[in-house]
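Written below as structure tokens is the structure these notes are about.
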Amino acid sequence: MLNYIAPQAVVPPDIAILSREGCPHCQRAKDRLRERGLDYAELVLYRDYPHRALHALSGGDSYPQVFVDGRCIGGADELERWLETGAAA
């Protein structure tokens, strides 16, 4: 419908971060998204999900795990590469 009404409109990506308290890489990822004005949902380890869910959802064991439009792109370094490529534009 949006394409019909406003074909030039850009739909922002749907971003979620699986993080843990006190994780500097998690903070870096959130800072980069805020710097770009991108909204994200954050799920915090033990508050919002158990540890075993991290591997089940992302296949990874490190934090953060960043999802864009339902696909895991990796951690903070991969997020920065994704932002640099202009994929977030």
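Chain labels run A, B, ... following the order of the structure tokens; each chain numbers its residues from 1, and ligands are numbered from 1 in the order shown.
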
Region 31-70 of chain A residues near region 6-21 of chain A within 8 Å, closest pair each, using only C-alpha atoms, as CSV:
```
residue,atom,partner,partner_atom,distance
A:Leu38,CA,A:Pro12,CA,7.7
A:Asp39,CA,A:Ile15,CA,7.1
A:Tyr40,CA,A:Ile15,CA,4.8
A:Ala41,CA,A:Ala16,CA,4.6
A:Glu42,CA,A:Ile17,CA,4.8
A:Leu43,CA,A:Leu18,CA,4.9
A:Val44,CA,A:Ser19,CA,4.9
A:Leu45,CA,A:Arg20,CA,4.9
A:Leu54,CA,A:Leu18,CA,7.4
A:Tyr63,CA,A:Ser19,CA,5.8
A:Pro64,CA,A:Ser19,CA,4.8
A:Gln65,CA,A:Leu18,CA,5.1
A:Val66,CA,A:Ile17,CA,4.6
A:Phe67,CA,A:Ala16,CA,5.1
A:Val68,CA,A:Ile15,CA,4.6
A:Asp69,CA,A:Asp14,CA,4.8
A:Gly70,CA,A:Asp14,CA,7.4
```

Can I get the selected residues back with C-alpha atoms, as a compact mmCIF listing (two decimals), in the first residue's frame?
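Dumped everything to part-v5.txt:
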```txt
# COMPACT_ATOMS: atom_id res chain seq x y z
CA LEU A 38 17.68 4.11 13.56
CA ASP A 39 15.17 2.63 15.98
CA TYR A 40 15.73 -0.86 17.34
CA ALA A 41 14.23 -3.33 19.76
CA GLU A 42 16.58 -4.62 22.45
CA LEU A 43 16.26 -7.98 24.16
CA VAL A 44 18.47 -8.31 27.24
CA LEU A 45 19.92 -11.66 28.37
CA LEU A 54 20.78 -16.89 21.64
CA TYR A 63 27.07 -10.59 22.13
CA PRO A 64 25.48 -8.68 20.64
CA GLN A 65 23.63 -10.50 17.91
CA VAL A 66 21.96 -8.05 15.55
CA PHE A 67 18.95 -8.89 13.41
CA VAL A 68 17.85 -6.80 10.44
CA ASP A 69 14.47 -7.56 8.91
CA GLY A 70 14.45 -10.93 10.66
```

When DSSP is applied to the backbone of this structure, which of chain A are assigned strand (DSSP E or B)? Write them out as a ChimeraX atom specification. /A:15-19,41-45,49,65-68,71-74

Go ahead and save the picked residues with C-alpha atoms, as a JSON list (two decimals), in the first residue's frame.
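To be explicit, this is the file written out as out16.json:
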```
[["chain", "number", "residue", "atom", "x", "y", "z"],
["A", 15, "ILE", "CA", 16.28, -3.98, 13.77],
["A", 16, "ALA", "CA", 16.59, -6.06, 16.94],
["A", 17, "ILE", "CA", 19.60, -6.55, 19.20],
["A", 18, "LEU", "CA", 20.14, -9.47, 21.55],
["A", 19, "SER", "CA", 22.37, -8.00, 24.24],
["A", 41, "ALA", "CA", 14.23, -3.33, 19.76],
["A", 42, "GLU", "CA", 16.58, -4.62, 22.45],
["A", 43, "LEU", "CA", 16.26, -7.98, 24.16],
["A", 44, "VAL", "CA", 18.47, -8.31, 27.24],
["A", 45, "LEU", "CA", 19.92, -11.66, 28.37],
["A", 49, "TYR", "CA", 15.36, -14.46, 27.12],
["A", 65, "GLN", "CA", 23.63, -10.50, 17.91],
["A", 66, "VAL", "CA", 21.96, -8.05, 15.55],
["A", 67, "PHE", "CA", 18.95, -8.89, 13.41],
["A", 68, "VAL", "CA", 17.85, -6.80, 10.44],
["A", 71, "ARG", "CA", 17.92, -12.00, 9.47],
["A", 72, "CYS", "CA", 20.91, -12.24, 11.80],
["A", 73, "ILE", "CA", 23.75, -10.13, 10.40],
["A", 74, "GLY", "CA", 26.17, -10.86, 13.28]]
```

Considering only C-alpha atoms, give me a table of residues in region 14-59 of chain A that are at most 10 Å from region 80-83 of chain A, with the closest atom pair and distance in Å for each, as a Markdown table.
```
| residue | atom | partner | partner_atom | distance |
| --- | --- | --- | --- | --- |
| A:Arg28 | CA | A:Glu80 | CA | 9.3 |
| A:Ala29 | CA | A:Glu80 | CA | 7.6 |
| A:Arg32 | CA | A:Glu80 | CA | 7.4 |
| A:Leu33 | CA | A:Leu83 | CA | 8.5 |
| A:Arg36 | CA | A:Leu83 | CA | 8.6 |
```

If you run DSSP on the backbone here, which positions in chain A get alpha helix (DSSP H)? Please write them as a compact mmCIF listing (two decimals) with C-alpha atoms, in the first residue's frame.
```txt
# COMPACT_ATOMS: atom_id res chain seq x y z
CA LEU A 2 2.81 2.39 0.89
CA ASN A 3 4.38 1.84 -2.54
CA TYR A 4 1.11 2.91 -4.15
CA ILE A 5 0.62 6.01 -1.99
CA PRO A 24 30.79 -2.91 25.63
CA HIS A 25 30.19 -4.34 22.14
CA CYS A 26 26.44 -4.22 22.76
CA GLN A 27 26.74 -0.58 23.80
CA ARG A 28 28.79 0.21 20.69
CA ALA A 29 26.12 -1.35 18.46
CA LYS A 30 23.35 0.62 20.16
CA ASP A 31 25.39 3.84 19.95
CA ARG A 32 25.95 3.38 16.20
CA LEU A 33 22.25 2.84 15.58
CA ARG A 34 21.33 5.91 17.65
CA GLU A 35 23.93 7.99 15.77
CA HIS A 51 21.07 -17.87 27.12
CA ARG A 52 20.19 -21.00 25.12
CA ALA A 53 17.83 -18.90 22.99
CA LEU A 54 20.78 -16.89 21.64
CA HIS A 55 22.28 -19.88 19.85
CA ALA A 56 18.87 -21.13 18.72
CA LEU A 57 18.01 -17.76 17.15
CA SER A 58 21.34 -16.68 15.74
CA ALA A 76 28.78 -5.07 16.43
CA ASP A 77 31.50 -5.30 13.77
CA GLU A 78 29.07 -6.70 11.21
CA LEU A 79 26.55 -4.00 12.11
CA GLU A 80 29.17 -1.31 11.48
CA ARG A 81 29.99 -2.85 8.08
CA TRP A 82 26.26 -3.00 7.28
CA LEU A 83 25.89 0.67 8.19
CA GLU A 84 28.98 1.64 6.15
```
